[in-house]
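Undergrad: Please find upload_22.txt (compact mmCIF, C-alpha atoms) on the next line:
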```txt
# COMPACT_ATOMS: atom_id res chain seq x y z
CA MET A 1 -25.26 20.67 -12.83
CA GLU A 2 -22.22 22.22 -14.48
CA SER A 3 -19.54 19.79 -15.66
CA ARG A 4 -15.93 20.67 -15.22
CA GLY A 5 -13.31 20.07 -17.87
CA ALA A 6 -10.18 18.06 -17.20
CA GLY A 7 -8.17 21.24 -16.63
CA ALA A 8 -10.73 22.92 -14.32
CA ARG A 9 -9.64 23.41 -10.74
CA ARG A 10 -11.81 23.24 -7.67
CA MET A 11 -11.08 25.74 -4.98
CA PRO A 12 -10.20 23.99 -1.74
CA PRO A 13 -12.28 24.89 1.27
CA ARG A 14 -10.84 27.77 3.26
CA LYS A 15 -8.94 26.50 6.28
CA SER A 16 -9.87 27.97 9.61
CA ILE A 17 -7.11 29.01 11.96
CA THR A 18 -9.44 28.67 14.93
CA LEU A 19 -9.59 25.43 16.89
CA THR A 20 -12.51 23.01 16.73
CA GLU A 21 -13.62 21.36 19.98
CA ALA A 22 -11.72 18.15 19.13
CA GLU A 23 -8.59 20.11 18.20
CA LEU A 24 -8.78 22.06 21.44
CA ARG A 25 -9.10 18.85 23.50
CA LEU A 26 -5.94 17.49 21.85
CA MET A 27 -4.09 20.76 22.34
CA LYS A 28 -5.01 20.75 26.04
CA ILE A 29 -3.54 17.27 26.32
CA LEU A 30 -0.34 18.38 24.59
CA TRP A 31 -0.07 21.53 26.71
CA ALA A 32 -0.50 19.45 29.88
CA ARG A 33 1.68 16.48 28.89
CA GLY A 34 4.18 17.99 26.49
CA GLU A 35 5.51 15.63 23.84
CA SER A 36 3.18 12.72 23.12
CA VAL A 37 2.60 9.98 20.59
CA VAL A 38 -0.90 9.37 19.24
CA SER A 39 -1.52 6.33 21.47
CA GLU A 40 -0.71 8.43 24.57
CA MET A 41 -3.17 11.10 23.43
CA VAL A 42 -5.86 8.45 22.87
CA ALA A 43 -5.22 7.11 26.39
CA ALA A 44 -5.40 10.63 27.86
CA MET A 45 -8.70 11.20 26.08
CA ALA A 46 -10.12 8.03 27.65
CA ALA A 47 -10.07 9.88 31.00
CA MET A 48 -12.31 12.60 29.55
CA PRO A 49 -16.12 12.55 29.86
CA LYS A 50 -18.00 10.21 27.54
CA GLY A 51 -18.48 11.81 24.15
CA ALA A 52 -15.24 13.78 24.41
CA THR A 53 -13.04 10.86 23.39
CA LEU A 54 -11.80 10.12 19.88
CA ALA A 55 -10.72 6.88 18.21
CA TYR A 56 -7.07 6.38 17.28
CA ASN A 57 -7.61 7.25 13.59
CA SER A 58 -9.62 10.36 14.51
CA VAL A 59 -6.82 11.54 16.83
CA LEU A 60 -4.29 10.92 14.07
CA THR A 61 -6.35 12.88 11.53
CA THR A 62 -6.98 15.73 13.96
CA ILE A 63 -3.32 15.98 15.00
CA ARG A 64 -2.31 16.17 11.33
CA ILE A 65 -4.79 19.01 10.83
CA LEU A 66 -3.29 20.77 13.85
CA GLU A 67 0.13 20.36 12.27
CA GLN A 68 -1.12 21.90 9.00
CA LYS A 69 -2.57 24.81 10.98
CA GLY A 70 0.79 25.34 12.67
CA TYR A 71 -0.24 24.41 16.20
CA VAL A 72 1.89 21.27 16.53
CA ARG A 73 5.04 19.76 15.04
CA HIS A 74 6.41 16.26 15.08
CA ARG A 75 9.69 14.44 15.15
CA GLN A 76 10.23 10.80 14.38
CA GLU A 77 11.40 8.49 17.13
CA GLY A 78 11.84 4.97 15.80
CA ARG A 79 8.65 4.18 13.95
CA ALA A 80 6.51 6.62 15.93
CA TYR A 81 5.89 10.31 15.44
CA VAL A 82 6.20 12.33 18.64
CA TYR A 83 4.00 15.45 18.60
CA SER A 84 4.58 18.62 20.58
CA PRO A 85 2.81 21.98 20.71
CA CYS A 86 4.52 24.86 18.93
CA VAL A 87 1.95 27.41 20.10
CA GLU A 88 1.67 28.25 23.80
CA GLU A 89 -1.77 27.97 25.38
CA HIS A 90 -1.96 31.69 26.21
CA GLU A 91 -1.06 32.56 22.59
CA ALA A 92 -3.83 30.30 21.27
CA SER A 93 -6.39 31.74 23.70
CA ARG A 94 -5.43 35.32 22.77
CA SER A 95 -5.77 34.45 19.09
CA GLU A 96 -9.23 32.92 19.65
CA ILE A 97 -10.37 35.97 21.64
CA ARG A 98 -9.10 38.36 18.93
CA HIS A 99 -10.97 36.29 16.33
CA MET A 100 -14.21 36.34 18.38
CA MET A 101 -13.81 40.07 19.12
CA GLN A 102 -13.41 40.78 15.40
CA ARG A 103 -16.39 38.61 14.38
CA PHE A 104 -18.91 39.59 17.05
CA PHE A 105 -17.80 42.93 18.48
CA GLY A 106 -16.38 44.85 15.52
CA ASN A 107 -12.86 44.63 16.99
CA SER A 108 -14.04 46.63 20.03
CA ARG A 109 -12.59 45.57 23.37
CA GLU A 110 -15.08 47.88 25.02
CA ARG A 111 -18.09 46.17 23.43
CA LEU A 112 -16.67 42.75 24.38
CA LEU A 113 -16.13 43.77 28.00
CA LEU A 114 -19.51 45.46 28.27
CA SER A 115 -21.13 42.31 26.90
CA LEU A 116 -19.43 40.27 29.61
CA LEU A 117 -20.43 42.77 32.30
CA GLY A 118 -24.01 42.89 31.06
CA ASP A 119 -24.71 39.15 31.23
CA GLY A 120 -25.55 39.32 34.96
CA GLU A 121 -23.28 36.42 35.86
CA ILE A 122 -20.32 38.42 37.17
CA ASP A 123 -19.64 38.23 40.89
CA ALA A 124 -18.17 40.90 43.15
CA GLU A 125 -14.70 39.31 43.22
CA GLU A 126 -14.51 39.09 39.41
CA LEU A 127 -15.65 42.70 39.17
CA ARG A 128 -12.97 43.79 41.68
CA ARG A 129 -10.25 42.02 39.66
CA LEU A 130 -11.52 43.60 36.44
CA LYS A 131 -11.43 47.05 38.03
CA GLU A 132 -7.84 46.45 39.12
CA ALA A 133 -6.88 45.24 35.64
CA ILE A 134 -8.49 48.29 34.04
CA ALA A 135 -6.76 50.63 36.50
CA GLN A 136 -3.42 48.95 35.76
CA ALA A 137 -4.01 49.18 32.00
CA ALA A 138 -4.84 52.88 32.40
CA GLU A 139 -1.56 53.43 34.26
CA ASP A 140 0.32 51.50 31.58
CA VAL A 141 -0.93 53.84 28.85
CA GLY A 142 -0.43 56.94 31.03
CA ASP A 143 -4.08 57.94 31.25
CA VAL A 144 -6.53 57.74 34.15
CA ASP A 145 -9.27 56.49 31.82
CA PRO A 146 -8.05 55.30 28.42
CA GLY A 147 -11.62 55.27 27.10
CA ARG A 148 -12.07 59.02 27.58
CA GLY A 149 -8.57 60.24 26.89
CA ASP A 150 -9.06 63.48 28.85
CA GLY A 151 -7.59 62.26 32.14
CA THR A 152 -10.95 62.24 33.95
CA ALA A 153 -12.21 59.07 35.54
CA GLU A 154 -15.33 57.27 34.41
CA THR A 155 -16.67 54.13 36.07
CA ALA A 156 -17.33 50.97 34.09
CA GLU A 157 -21.01 51.38 34.99
CA ASP A 158 -21.05 54.92 33.54
CA GLY A 159 -19.34 53.65 30.39
CA ALA A 160 -21.77 50.76 30.11
CA ARG A 161 -24.74 53.14 30.48
CA GLY A 162 -23.30 55.42 27.81
CA LEU A 163 -22.67 52.60 25.36
CA ARG A 164 -26.12 51.09 25.94
CA ALA A 165 -27.67 54.52 25.35
CA SER A 166 -25.72 55.05 22.14
CA ASP A 167 -26.62 51.50 20.99
CA ALA A 168 -30.29 52.25 21.65
CA ARG A 169 -30.01 55.38 19.50
CA GLY A 170 -28.33 53.34 16.74
CA GLU A 171 -24.98 55.12 17.10
CA ALA A 172 -21.68 53.29 16.72
```
Would you write the structure of this file as structure tokens?
TA:
Amino acid sequence: MESRGAGARRMPPRKSITLTEAELRLMKILWARGESVVSEMVAAMAAMPKGATLAYNSVLTTIRILEQKGYVRHRQEGRAYVYSPCVEEHEASRSEIRHMMQRFFGNSRERLLLSLLGDGEIDAEELRRLKEAIAQAAEDVGDVDPGRGDGTAETAEDGARGLRASDARGEA
């Protein structure tokens, strides 16, 4: 094992901007309740399913990590610190989705959506809402089908077939 001299520095572990399960549980409490002290968050966690709760010191440690990550801030009220979210829930969810899309789908919204469509768990109502959202997005960018760019329509099923075929051939 290599010894380090007195002046040698260890690199700190890289901090993740994504939320762990415990951090997300605390953020959900803060988003629902608004400002809270640690004891209130502990009490709110007690209502969660067994195994989802954290002890006071664990909540305190986790909330401090969230503060370092920029998700929460605090103000002092008497002897207590009152914590509040400084990131909206929709902002955090969009950030997590962008992170997942980058890691697993090469930053491709199409590949992400096709993965969701291909899992066999989508129902007719979800599919209808997705079609409406895609149609609205196409109108917003001024193109009938933003994926093709030539103004001709293509169904999601046609697009999925085409992507699966190109994946099978090893094309990007």
Undergrad: Report the distance between atom CA of A:Ser108 and atom CA of A:Met27 in Å, rounded to one decimal place.
TA: 27.8 Å
Undergrad: Write out as an MDAnalysis selection string the residues lying within 7 Å of stretch 84-94 of chain A, counting all atoms listed in the file and excluding same-chain residues fewer than 6 positions away.
TA: chainID A and resid 30:31 34:36 71:74
Undergrad: Find, counting all atoms listed in the file, the residue in A:Val82, A:Ala133, A:Ile17, A:Ile122 that gets nearest to A:Gln68.
TA: A:Ile17
Undergrad: By how many Å are atom CA of A:Val37 and atom CA of A:Tyr81 apart?
TA: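 Calculated distance between atom CA of A:Val37 and atom CA of A:Tyr81 is 6.1 Å.
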Undergrad: Calculate how many Å separate atom CA of A:His99 from atom CA of A:Arg64, rounding to one decimal.
TA: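 Atom CA of A:Arg64 lies at a distance of 22.5 Å from atom CA of A:His99.
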